[in-house]
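A.B. asks: Have a peek at query-v1.cif (mmCIF, N, CA and C atoms).
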```cif
data_protein
loop_
_atom_site.label_atom_id
_atom_site.label_comp_id
_atom_site.auth_asym_id
_atom_site.auth_seq_id
_atom_site.Cartn_x
_atom_site.Cartn_y
_atom_site.Cartn_z
N MET U 6 49.32 -1.98 -23.64
CA MET U 6 49.79 -3.33 -23.40
C MET U 6 50.30 -3.43 -21.96
N ALA U 7 49.90 -4.48 -21.26
CA ALA U 7 50.30 -4.67 -19.87
C ALA U 7 51.77 -5.02 -19.77
N LYS U 8 52.42 -4.44 -18.77
CA LYS U 8 53.83 -4.74 -18.51
C LYS U 8 53.89 -5.98 -17.63
N HIS U 9 54.75 -6.90 -18.00
CA HIS U 9 54.90 -8.13 -17.23
C HIS U 9 56.18 -8.05 -16.40
N THR U 10 56.11 -8.64 -15.21
CA THR U 10 57.25 -8.61 -14.29
C THR U 10 58.26 -9.71 -14.60
N TYR U 11 57.77 -10.88 -15.03
CA TYR U 11 58.64 -12.04 -15.23
C TYR U 11 58.55 -12.53 -16.67
N ALA U 12 59.71 -12.74 -17.28
CA ALA U 12 59.76 -13.30 -18.64
C ALA U 12 60.06 -14.79 -18.59
N THR U 13 60.88 -15.20 -17.62
CA THR U 13 61.26 -16.62 -17.48
C THR U 13 61.15 -17.02 -16.03
N ILE U 14 60.36 -18.05 -15.78
CA ILE U 14 60.15 -18.56 -14.43
C ILE U 14 60.76 -19.96 -14.36
N LEU U 15 61.59 -20.17 -13.36
CA LEU U 15 62.20 -21.48 -13.13
C LEU U 15 61.47 -22.17 -11.99
N LEU U 16 60.99 -23.38 -12.24
CA LEU U 16 60.30 -24.17 -11.24
C LEU U 16 61.18 -25.35 -10.84
N LEU U 17 61.43 -25.51 -9.55
CA LEU U 17 62.10 -26.71 -9.05
C LEU U 17 61.00 -27.75 -8.83
N ALA U 18 60.93 -28.71 -9.73
CA ALA U 18 59.90 -29.75 -9.67
C ALA U 18 60.32 -30.84 -8.70
N GLU U 19 59.41 -31.20 -7.83
CA GLU U 19 59.67 -32.27 -6.88
C GLU U 19 58.36 -32.97 -6.60
N GLY U 20 58.41 -34.17 -6.11
CA GLY U 20 57.23 -34.99 -5.95
C GLY U 20 56.42 -34.79 -4.69
N THR U 21 56.71 -33.78 -3.92
CA THR U 21 55.96 -33.55 -2.68
C THR U 21 54.64 -32.83 -2.97
N ASP U 22 53.75 -32.81 -1.98
CA ASP U 22 52.50 -32.06 -2.12
C ASP U 22 52.79 -30.58 -2.36
N GLN U 23 53.75 -30.03 -1.59
CA GLN U 23 54.12 -28.62 -1.77
C GLN U 23 54.72 -28.39 -3.15
N GLY U 24 55.47 -29.36 -3.64
CA GLY U 24 56.08 -29.25 -4.96
C GLY U 24 55.04 -29.22 -6.07
N MET U 25 53.99 -30.02 -5.94
CA MET U 25 52.93 -30.02 -6.95
C MET U 25 52.09 -28.75 -6.86
N LYS U 26 51.87 -28.26 -5.66
CA LYS U 26 51.16 -26.97 -5.51
C LYS U 26 52.01 -25.87 -6.13
N ALA U 27 53.32 -25.91 -5.92
CA ALA U 27 54.22 -24.93 -6.52
C ALA U 27 54.15 -25.00 -8.04
N ALA U 28 54.07 -26.22 -8.58
CA ALA U 28 53.99 -26.39 -10.04
C ALA U 28 52.73 -25.74 -10.58
N ARG U 29 51.61 -25.98 -9.93
CA ARG U 29 50.35 -25.39 -10.39
C ARG U 29 50.39 -23.86 -10.30
N ASP U 30 50.92 -23.36 -9.20
CA ASP U 30 51.02 -21.91 -9.04
C ASP U 30 51.98 -21.30 -10.06
N ALA U 31 53.08 -21.99 -10.34
CA ALA U 31 54.05 -21.49 -11.33
C ALA U 31 53.42 -21.46 -12.72
N ILE U 32 52.64 -22.47 -13.05
CA ILE U 32 51.95 -22.50 -14.35
C ILE U 32 50.97 -21.34 -14.45
N ASN U 33 50.18 -21.13 -13.40
CA ASN U 33 49.21 -20.03 -13.40
C ASN U 33 49.91 -18.68 -13.52
N LEU U 34 50.99 -18.51 -12.80
CA LEU U 34 51.74 -17.25 -12.84
C LEU U 34 52.36 -17.05 -14.22
N ALA U 35 52.92 -18.10 -14.79
CA ALA U 35 53.51 -18.00 -16.13
C ALA U 35 52.45 -17.64 -17.16
N ALA U 36 51.25 -18.20 -17.00
CA ALA U 36 50.15 -17.86 -17.91
C ALA U 36 49.78 -16.38 -17.77
N ASP U 37 49.65 -15.91 -16.53
CA ASP U 37 49.31 -14.50 -16.27
C ASP U 37 50.37 -13.55 -16.81
N GLU U 38 51.63 -13.95 -16.68
CA GLU U 38 52.76 -13.10 -17.06
C GLU U 38 53.18 -13.28 -18.52
N ASP U 39 52.58 -14.24 -19.22
CA ASP U 39 53.01 -14.62 -20.57
C ASP U 39 54.51 -14.94 -20.56
N ALA U 40 54.91 -15.67 -19.51
CA ALA U 40 56.32 -16.03 -19.30
C ALA U 40 56.59 -17.45 -19.78
N THR U 41 57.84 -17.72 -20.05
CA THR U 41 58.28 -19.08 -20.33
C THR U 41 58.55 -19.77 -19.00
N LEU U 42 58.09 -20.99 -18.87
CA LEU U 42 58.30 -21.77 -17.65
C LEU U 42 59.36 -22.82 -17.92
N ILE U 43 60.43 -22.77 -17.14
CA ILE U 43 61.47 -23.80 -17.18
C ILE U 43 61.19 -24.73 -16.00
N VAL U 44 60.92 -25.98 -16.30
CA VAL U 44 60.62 -26.97 -15.27
C VAL U 44 61.86 -27.83 -15.09
N ALA U 45 62.47 -27.73 -13.91
CA ALA U 45 63.71 -28.47 -13.65
C ALA U 45 63.50 -29.48 -12.53
N SER U 46 63.97 -30.68 -12.76
CA SER U 46 63.95 -31.73 -11.75
C SER U 46 65.38 -32.22 -11.58
N VAL U 47 65.73 -32.55 -10.35
CA VAL U 47 67.13 -32.86 -10.04
C VAL U 47 67.28 -34.27 -9.49
N VAL U 48 68.19 -35.02 -10.11
CA VAL U 48 68.65 -36.30 -9.57
C VAL U 48 69.88 -35.95 -8.74
N ASP U 49 69.76 -36.06 -7.43
CA ASP U 49 70.82 -35.62 -6.53
C ASP U 49 71.94 -36.66 -6.47
N THR U 50 72.77 -36.65 -7.51
CA THR U 50 73.87 -37.62 -7.58
C THR U 50 74.94 -37.34 -6.53
N SER U 51 74.99 -36.11 -6.06
CA SER U 51 75.96 -35.77 -5.01
C SER U 51 75.69 -36.56 -3.74
N THR U 52 74.44 -36.60 -3.31
CA THR U 52 74.08 -37.36 -2.11
C THR U 52 74.27 -38.85 -2.35
N LEU U 53 73.94 -39.32 -3.55
CA LEU U 53 74.13 -40.74 -3.86
C LEU U 53 75.60 -41.13 -3.74
N ARG U 54 76.48 -40.27 -4.22
CA ARG U 54 77.91 -40.57 -4.14
C ARG U 54 78.41 -40.55 -2.69
N GLN U 55 77.83 -39.66 -1.88
CA GLN U 55 78.18 -39.65 -0.46
C GLN U 55 77.76 -40.96 0.20
N LEU U 56 76.57 -41.45 -0.15
CA LEU U 56 76.10 -42.71 0.40
C LEU U 56 76.99 -43.87 -0.05
N LEU U 57 77.47 -43.80 -1.26
CA LEU U 57 78.39 -44.83 -1.76
C LEU U 57 79.71 -44.77 -1.00
N SER U 58 80.25 -43.58 -0.83
CA SER U 58 81.54 -43.45 -0.14
C SER U 58 81.43 -43.81 1.34
N SER U 59 80.23 -43.67 1.92
CA SER U 59 80.01 -44.07 3.31
C SER U 59 79.67 -45.54 3.44
N ARG U 60 79.68 -46.22 2.31
CA ARG U 60 79.40 -47.66 2.24
C ARG U 60 77.97 -48.02 2.65
N ILE U 61 77.06 -47.05 2.48
CA ILE U 61 75.64 -47.33 2.70
C ILE U 61 75.10 -48.02 1.45
N PHE U 62 75.61 -47.63 0.29
CA PHE U 62 75.29 -48.27 -0.98
C PHE U 62 76.54 -48.93 -1.53
N VAL U 63 76.34 -49.99 -2.29
CA VAL U 63 77.40 -50.50 -3.13
C VAL U 63 77.15 -49.92 -4.52
N GLN U 64 78.14 -49.98 -5.39
CA GLN U 64 78.06 -49.34 -6.71
C GLN U 64 76.79 -49.72 -7.47
N GLU U 65 76.46 -50.99 -7.51
CA GLU U 65 75.29 -51.46 -8.26
C GLU U 65 74.00 -50.88 -7.69
N GLU U 66 73.90 -50.84 -6.36
CA GLU U 66 72.70 -50.27 -5.72
C GLU U 66 72.57 -48.79 -6.05
N MET U 67 73.69 -48.07 -6.01
CA MET U 67 73.66 -46.65 -6.30
C MET U 67 73.20 -46.41 -7.74
N GLU U 68 73.73 -47.18 -8.67
CA GLU U 68 73.37 -47.02 -10.09
C GLU U 68 71.89 -47.34 -10.31
N GLU U 69 71.41 -48.39 -9.67
CA GLU U 69 70.00 -48.76 -9.79
C GLU U 69 69.10 -47.67 -9.21
N TYR U 70 69.47 -47.15 -8.04
CA TYR U 70 68.68 -46.10 -7.39
C TYR U 70 68.71 -44.83 -8.22
N GLU U 71 69.85 -44.51 -8.81
CA GLU U 71 69.96 -43.33 -9.66
C GLU U 71 69.03 -43.45 -10.87
N GLN U 72 68.97 -44.63 -11.46
CA GLN U 72 68.07 -44.86 -12.60
C GLN U 72 66.61 -44.69 -12.19
N GLU U 73 66.26 -45.21 -11.01
CA GLU U 73 64.89 -45.07 -10.52
C GLU U 73 64.55 -43.60 -10.27
N LEU U 74 65.49 -42.87 -9.68
CA LEU U 74 65.26 -41.44 -9.45
C LEU U 74 65.11 -40.69 -10.77
N GLU U 75 65.91 -41.05 -11.75
CA GLU U 75 65.83 -40.40 -13.06
C GLU U 75 64.47 -40.67 -13.71
N GLN U 76 64.00 -41.90 -13.62
CA GLN U 76 62.68 -42.22 -14.18
C GLN U 76 61.58 -41.42 -13.48
N SER U 77 61.68 -41.31 -12.17
CA SER U 77 60.70 -40.55 -11.41
C SER U 77 60.73 -39.07 -11.81
N CYS U 78 61.93 -38.52 -11.96
CA CYS U 78 62.08 -37.12 -12.37
C CYS U 78 61.49 -36.90 -13.76
N ARG U 79 61.73 -37.82 -14.67
CA ARG U 79 61.19 -37.70 -16.04
C ARG U 79 59.65 -37.72 -16.02
N LYS U 80 59.06 -38.58 -15.17
CA LYS U 80 57.61 -38.61 -15.04
C LYS U 80 57.08 -37.27 -14.55
N GLN U 81 57.74 -36.71 -13.52
CA GLN U 81 57.33 -35.39 -13.00
C GLN U 81 57.42 -34.33 -14.07
N LEU U 82 58.54 -34.31 -14.79
CA LEU U 82 58.74 -33.32 -15.84
C LEU U 82 57.66 -33.43 -16.91
N ASN U 83 57.40 -34.65 -17.35
CA ASN U 83 56.39 -34.86 -18.38
C ASN U 83 55.00 -34.44 -17.90
N TYR U 84 54.66 -34.79 -16.68
CA TYR U 84 53.35 -34.44 -16.12
C TYR U 84 53.18 -32.92 -16.03
N ILE U 85 54.18 -32.24 -15.50
CA ILE U 85 54.09 -30.79 -15.34
C ILE U 85 54.09 -30.11 -16.70
N ALA U 86 54.86 -30.62 -17.65
CA ALA U 86 54.87 -30.05 -19.00
C ALA U 86 53.49 -30.21 -19.65
N GLN U 87 52.84 -31.34 -19.41
CA GLN U 87 51.48 -31.53 -19.94
C GLN U 87 50.51 -30.53 -19.33
N LEU U 88 50.62 -30.29 -18.02
CA LEU U 88 49.76 -29.29 -17.37
C LEU U 88 50.02 -27.91 -17.96
N ALA U 89 51.28 -27.58 -18.17
CA ALA U 89 51.63 -26.27 -18.74
C ALA U 89 51.11 -26.15 -20.17
N ASP U 90 51.28 -27.20 -20.96
CA ASP U 90 50.77 -27.21 -22.34
C ASP U 90 49.26 -26.97 -22.34
N LYS U 91 48.56 -27.68 -21.45
CA LYS U 91 47.10 -27.56 -21.36
C LYS U 91 46.69 -26.12 -21.03
N ALA U 92 47.52 -25.44 -20.24
CA ALA U 92 47.24 -24.04 -19.86
C ALA U 92 47.75 -23.05 -20.90
N GLY U 93 48.37 -23.55 -21.96
CA GLY U 93 48.88 -22.67 -23.00
C GLY U 93 50.16 -21.94 -22.62
N VAL U 94 50.92 -22.50 -21.69
CA VAL U 94 52.15 -21.88 -21.21
C VAL U 94 53.35 -22.44 -21.97
N LYS U 95 54.18 -21.53 -22.49
CA LYS U 95 55.44 -21.95 -23.12
C LYS U 95 56.30 -22.58 -22.03
N ASN U 96 56.85 -23.75 -22.32
CA ASN U 96 57.65 -24.42 -21.28
C ASN U 96 58.76 -25.25 -21.88
N ARG U 97 59.77 -25.45 -21.07
CA ARG U 97 60.88 -26.35 -21.38
C ARG U 97 61.17 -27.14 -20.13
N THR U 98 61.66 -28.35 -20.32
CA THR U 98 62.02 -29.16 -19.17
C THR U 98 63.53 -29.35 -19.13
N ALA U 99 64.02 -29.59 -17.92
CA ALA U 99 65.45 -29.84 -17.73
C ALA U 99 65.61 -30.91 -16.66
N LEU U 100 66.23 -32.02 -17.04
CA LEU U 100 66.59 -33.05 -16.08
C LEU U 100 68.04 -32.79 -15.70
N LEU U 101 68.25 -32.42 -14.45
CA LEU U 101 69.58 -32.02 -13.98
C LEU U 101 70.13 -33.09 -13.04
N LYS U 102 71.46 -33.19 -13.01
CA LYS U 102 72.13 -34.14 -12.11
C LYS U 102 73.23 -33.42 -11.37
N GLY U 103 73.35 -33.74 -10.08
CA GLY U 103 74.38 -33.14 -9.24
C GLY U 103 73.79 -32.71 -7.91
N ALA U 104 74.50 -31.85 -7.20
CA ALA U 104 73.99 -31.28 -5.96
C ALA U 104 72.87 -30.32 -6.33
N CYS U 105 71.71 -30.48 -5.72
CA CYS U 105 70.52 -29.73 -6.11
C CYS U 105 70.78 -28.23 -6.16
N HIS U 106 71.33 -27.66 -5.11
CA HIS U 106 71.51 -26.21 -5.08
C HIS U 106 72.48 -25.75 -6.17
N THR U 107 73.50 -26.52 -6.44
CA THR U 107 74.48 -26.14 -7.45
C THR U 107 73.88 -26.14 -8.84
N VAL U 108 73.14 -27.19 -9.20
CA VAL U 108 72.60 -27.27 -10.55
C VAL U 108 71.43 -26.32 -10.75
N ILE U 109 70.65 -26.06 -9.71
CA ILE U 109 69.55 -25.09 -9.84
C ILE U 109 70.10 -23.68 -9.99
N LEU U 110 71.12 -23.33 -9.24
CA LEU U 110 71.74 -22.00 -9.38
C LEU U 110 72.32 -21.83 -10.79
N ARG U 111 72.95 -22.88 -11.30
CA ARG U 111 73.52 -22.82 -12.65
C ARG U 111 72.40 -22.68 -13.70
N GLU U 112 71.32 -23.43 -13.52
CA GLU U 112 70.19 -23.37 -14.45
C GLU U 112 69.55 -21.97 -14.45
N GLN U 113 69.41 -21.39 -13.26
CA GLN U 113 68.84 -20.04 -13.16
C GLN U 113 69.69 -19.05 -13.93
N LYS U 114 70.98 -19.16 -13.76
CA LYS U 114 71.90 -18.25 -14.43
C LYS U 114 71.88 -18.45 -15.95
N GLU U 115 71.98 -19.72 -16.38
CA GLU U 115 72.01 -20.02 -17.82
C GLU U 115 70.73 -19.61 -18.53
N ARG U 116 69.61 -19.79 -17.88
CA ARG U 116 68.31 -19.48 -18.50
C ARG U 116 67.89 -18.03 -18.27
N GLY U 117 68.59 -17.33 -17.38
CA GLY U 117 68.22 -15.94 -17.09
C GLY U 117 66.86 -15.84 -16.42
N ALA U 118 66.55 -16.80 -15.57
CA ALA U 118 65.24 -16.81 -14.91
C ALA U 118 65.08 -15.59 -14.00
N ASP U 119 63.91 -14.97 -14.10
CA ASP U 119 63.58 -13.79 -13.29
C ASP U 119 63.01 -14.17 -11.93
N LEU U 120 62.53 -15.40 -11.82
CA LEU U 120 61.86 -15.86 -10.60
C LEU U 120 62.09 -17.36 -10.47
N LEU U 121 62.33 -17.80 -9.24
CA LEU U 121 62.44 -19.22 -8.93
C LEU U 121 61.24 -19.59 -8.07
N VAL U 122 60.54 -20.65 -8.44
CA VAL U 122 59.39 -21.13 -7.67
C VAL U 122 59.71 -22.52 -7.17
N MET U 123 59.44 -22.76 -5.88
CA MET U 123 59.62 -24.09 -5.31
C MET U 123 58.71 -24.27 -4.12
N GLY U 124 58.48 -25.52 -3.76
CA GLY U 124 57.66 -25.84 -2.61
C GLY U 124 58.34 -25.38 -1.33
N ALA U 125 57.51 -24.96 -0.38
CA ALA U 125 58.03 -24.49 0.90
C ALA U 125 58.61 -25.66 1.71
N PHE U 126 59.34 -25.30 2.73
CA PHE U 126 59.93 -26.28 3.64
C PHE U 126 60.05 -25.64 5.00
N ARG U 127 60.27 -26.43 5.99
CA ARG U 127 60.47 -25.90 7.35
C ARG U 127 61.96 -25.70 7.58
N ALA U 128 62.32 -24.46 7.89
CA ALA U 128 63.73 -24.14 8.13
C ALA U 128 64.30 -24.99 9.26
N SER U 129 63.48 -25.38 10.20
CA SER U 129 63.96 -26.19 11.32
C SER U 129 64.42 -27.57 10.86
N LEU U 130 64.01 -27.99 9.66
CA LEU U 130 64.42 -29.30 9.15
C LEU U 130 65.72 -29.24 8.36
N ALA U 131 66.23 -28.04 8.10
CA ALA U 131 67.38 -27.88 7.22
C ALA U 131 68.63 -28.60 7.73
N ARG U 132 68.71 -28.87 9.00
CA ARG U 132 69.88 -29.59 9.52
C ARG U 132 69.80 -31.09 9.26
N ARG U 133 68.55 -31.64 9.25
CA ARG U 133 68.39 -33.09 9.13
C ARG U 133 67.91 -33.53 7.76
N ASP U 134 67.20 -32.69 7.05
CA ASP U 134 66.57 -33.06 5.80
C ASP U 134 67.39 -32.53 4.63
N VAL U 135 67.83 -33.43 3.75
CA VAL U 135 68.71 -33.05 2.64
C VAL U 135 68.04 -32.03 1.73
N MET U 136 66.79 -32.27 1.34
CA MET U 136 66.13 -31.34 0.42
C MET U 136 65.91 -29.98 1.06
N ALA U 137 65.53 -29.94 2.33
CA ALA U 137 65.36 -28.66 3.02
C ALA U 137 66.68 -27.90 3.06
N ARG U 138 67.77 -28.61 3.31
CA ARG U 138 69.10 -27.98 3.33
C ARG U 138 69.46 -27.43 1.95
N GLU U 139 69.18 -28.20 0.91
CA GLU U 139 69.47 -27.75 -0.46
C GLU U 139 68.64 -26.52 -0.81
N LYS U 140 67.37 -26.52 -0.43
CA LYS U 140 66.51 -25.36 -0.70
C LYS U 140 67.02 -24.13 0.04
N GLN U 141 67.45 -24.31 1.29
CA GLN U 141 67.97 -23.17 2.04
C GLN U 141 69.22 -22.61 1.36
N LEU U 142 70.09 -23.48 0.86
CA LEU U 142 71.28 -23.02 0.14
C LEU U 142 70.90 -22.26 -1.13
N ILE U 143 69.88 -22.73 -1.83
CA ILE U 143 69.41 -22.03 -3.03
C ILE U 143 68.94 -20.64 -2.67
N ILE U 144 68.10 -20.54 -1.65
CA ILE U 144 67.56 -19.25 -1.23
C ILE U 144 68.69 -18.31 -0.82
N ASP U 145 69.69 -18.83 -0.14
CA ASP U 145 70.81 -18.01 0.32
C ASP U 145 71.62 -17.44 -0.84
N GLU U 146 71.65 -18.15 -1.98
CA GLU U 146 72.59 -17.77 -3.04
C GLU U 146 71.96 -17.29 -4.35
N VAL U 147 70.70 -17.60 -4.61
CA VAL U 147 70.11 -17.24 -5.91
C VAL U 147 69.91 -15.72 -5.99
N PRO U 148 70.25 -15.13 -7.15
CA PRO U 148 70.17 -13.67 -7.28
C PRO U 148 68.78 -13.13 -7.65
N CYS U 149 67.84 -14.02 -7.96
CA CYS U 149 66.50 -13.55 -8.35
C CYS U 149 65.53 -13.79 -7.20
N PRO U 150 64.33 -13.20 -7.28
CA PRO U 150 63.32 -13.46 -6.26
C PRO U 150 62.93 -14.93 -6.22
N VAL U 151 62.48 -15.38 -5.05
CA VAL U 151 62.07 -16.77 -4.85
C VAL U 151 60.64 -16.76 -4.32
N LEU U 152 59.80 -17.59 -4.93
CA LEU U 152 58.43 -17.77 -4.46
C LEU U 152 58.36 -19.15 -3.84
N LEU U 153 58.12 -19.21 -2.53
CA LEU U 153 57.95 -20.48 -1.83
C LEU U 153 56.45 -20.72 -1.68
N VAL U 154 56.00 -21.88 -2.13
CA VAL U 154 54.58 -22.18 -2.10
C VAL U 154 54.31 -23.20 -1.00
N ARG U 155 53.43 -22.84 -0.08
CA ARG U 155 53.05 -23.75 1.02
C ARG U 155 52.04 -24.74 0.55
#
```
Please render this file's structure as structure tokens.
C.D. replies:
Amino acid sequence: MAKHTYATILLLAEGTDQGMKAARDAINLAADEDATLIVASVVDTSTLRQLLSSRIFVQEEMEEYEQELEQSCRKQLNYIAQLADKAGVKNRTALLKGACHTVILREQKERGADLLVMGAFRASLARRDVMAREKQLIIDEVPCPVLLVR
């Protein structure tokens, strides 16, 4: 019997081209490894609250935008779960809320994920781009290996 390296793979699902490539690669890897795939999408309520406190949003706008982000995340989760199901991969979805790096680190720990998969980013953007900064924080702190997919 072949020995597998990963039992649980955590995928940070996002709507970018790199994020969808990462999803496909994570599904293929989970199939090869006979691993469970945890598909997590994050509604970054931390950034929304910062925008509210900076008076860029009013409360109603923030709530409406949060609902739209949640709907988008649910669509991503459902789509990726369907792809995983079609490939015969055991999977679970998680809609998370909060600061992306904080909730992904917590999810990795709670699920005991052996590997984190996410779309690549340019480190040079980490100062200006919120998602790039969050991904860099995840990489800096997560205790398991990380697969960045270009």
A.B. asks: Evaluate the PyMOL selection byres ((chain U and resi 37-39) around 7) against this structure - the residues, as a list of chain:residue names, please.
C.D. replies: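 In the shown coordinates, the PyMOL selection byres ((chain U and resi 37-39) around 7) covers U:His9, U:Thr10, U:Tyr11, U:Ala12, U:Ile32, U:Asn33, U:Leu34, U:Ala35, U:Ala36, U:Ala40, U:Thr41, U:Lys95.
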A.B. asks: Can you work out the spacing between atom N of Val48 in chain U and atom N of Lys102 in chain U in Å, to one decimal?
C.D. replies: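 Computing the Euclidean distance for atom N of Val48 in chain U and atom N of Lys102 in chain U yields 4.7 Å.
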A.B. asks: Please write as a short mmCIF file (atom, residue, chain, number, x, y, z; two decimals) with N, CA and C atoms, keeping the file's coordinate frame the full residue list that the PyMOL selection byres ((chain U and resi 153) around 6) yields on this file.
C.D. replies:
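Final output, saved to result_3.cif:
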```
data_model
loop_
_atom_site.label_atom_id
_atom_site.label_comp_id
_atom_site.auth_asym_id
_atom_site.auth_seq_id
_atom_site.Cartn_x
_atom_site.Cartn_y
_atom_site.Cartn_z
N VAL U 122 60.54 -20.65 -8.44
CA VAL U 122 59.39 -21.13 -7.67
C VAL U 122 59.71 -22.52 -7.17
N MET U 123 59.44 -22.76 -5.88
CA MET U 123 59.62 -24.09 -5.31
C MET U 123 58.71 -24.27 -4.12
N GLY U 124 58.48 -25.52 -3.76
CA GLY U 124 57.66 -25.84 -2.61
C GLY U 124 58.34 -25.38 -1.33
N ALA U 125 57.51 -24.96 -0.38
CA ALA U 125 58.03 -24.49 0.90
C ALA U 125 58.61 -25.66 1.71
N VAL U 151 62.48 -15.38 -5.05
CA VAL U 151 62.07 -16.77 -4.85
C VAL U 151 60.64 -16.76 -4.32
N LEU U 152 59.80 -17.59 -4.93
CA LEU U 152 58.43 -17.77 -4.46
C LEU U 152 58.36 -19.15 -3.84
N VAL U 154 56.00 -21.88 -2.13
CA VAL U 154 54.58 -22.18 -2.10
C VAL U 154 54.31 -23.20 -1.00
N ARG U 155 53.43 -22.84 -0.08
CA ARG U 155 53.05 -23.75 1.02
C ARG U 155 52.04 -24.74 0.55
#
```
A.B. asks: I need the residue nearest Lys26 in chain U from this list: U:Ile85, U:Cys149, U:Ile144, U:Cys105. Use only C-alpha atoms for the distance.
C.D. replies: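 For Lys26 in chain U, the nearest of the given residues is U:Ile85.
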A.B. asks: May I ask for the distance between atom N of Gly24 in chain U and atom N of Arg54 in chain U, given in Å to one decimal place?
C.D. replies: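 Going from atom N of Gly24 in chain U over to atom N of Arg54 in chain U, I get 23.7 Å.
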A.B. asks: At a cut-off of 10 Å around the point (66.0, -40.1, -7.7) (file coordinates), what residues fall inside when counting only C-alpha atoms? I'd like the answer as an MDAnalysis selection string.
C.D. replies: chainID U and resid 46:50 53 69:79 102
A.B. asks: List every residue of chain U that DSSP, applied to the backbone, labels as strand (DSSP E), and write the result as a list in words.
C.D. replies: Thr13, Ile14, Leu15, Leu16, Leu17, Thr41, Leu42, Ile43, Val44, Ala45, Ser46, Val47, Val48, Asn96, Arg97, Thr98, Ala99, Leu100, Leu101, Lys102, Leu120, Leu121, Val122, Met123, Gly124, Val151, Leu152, Leu153 and Val154 of chain U
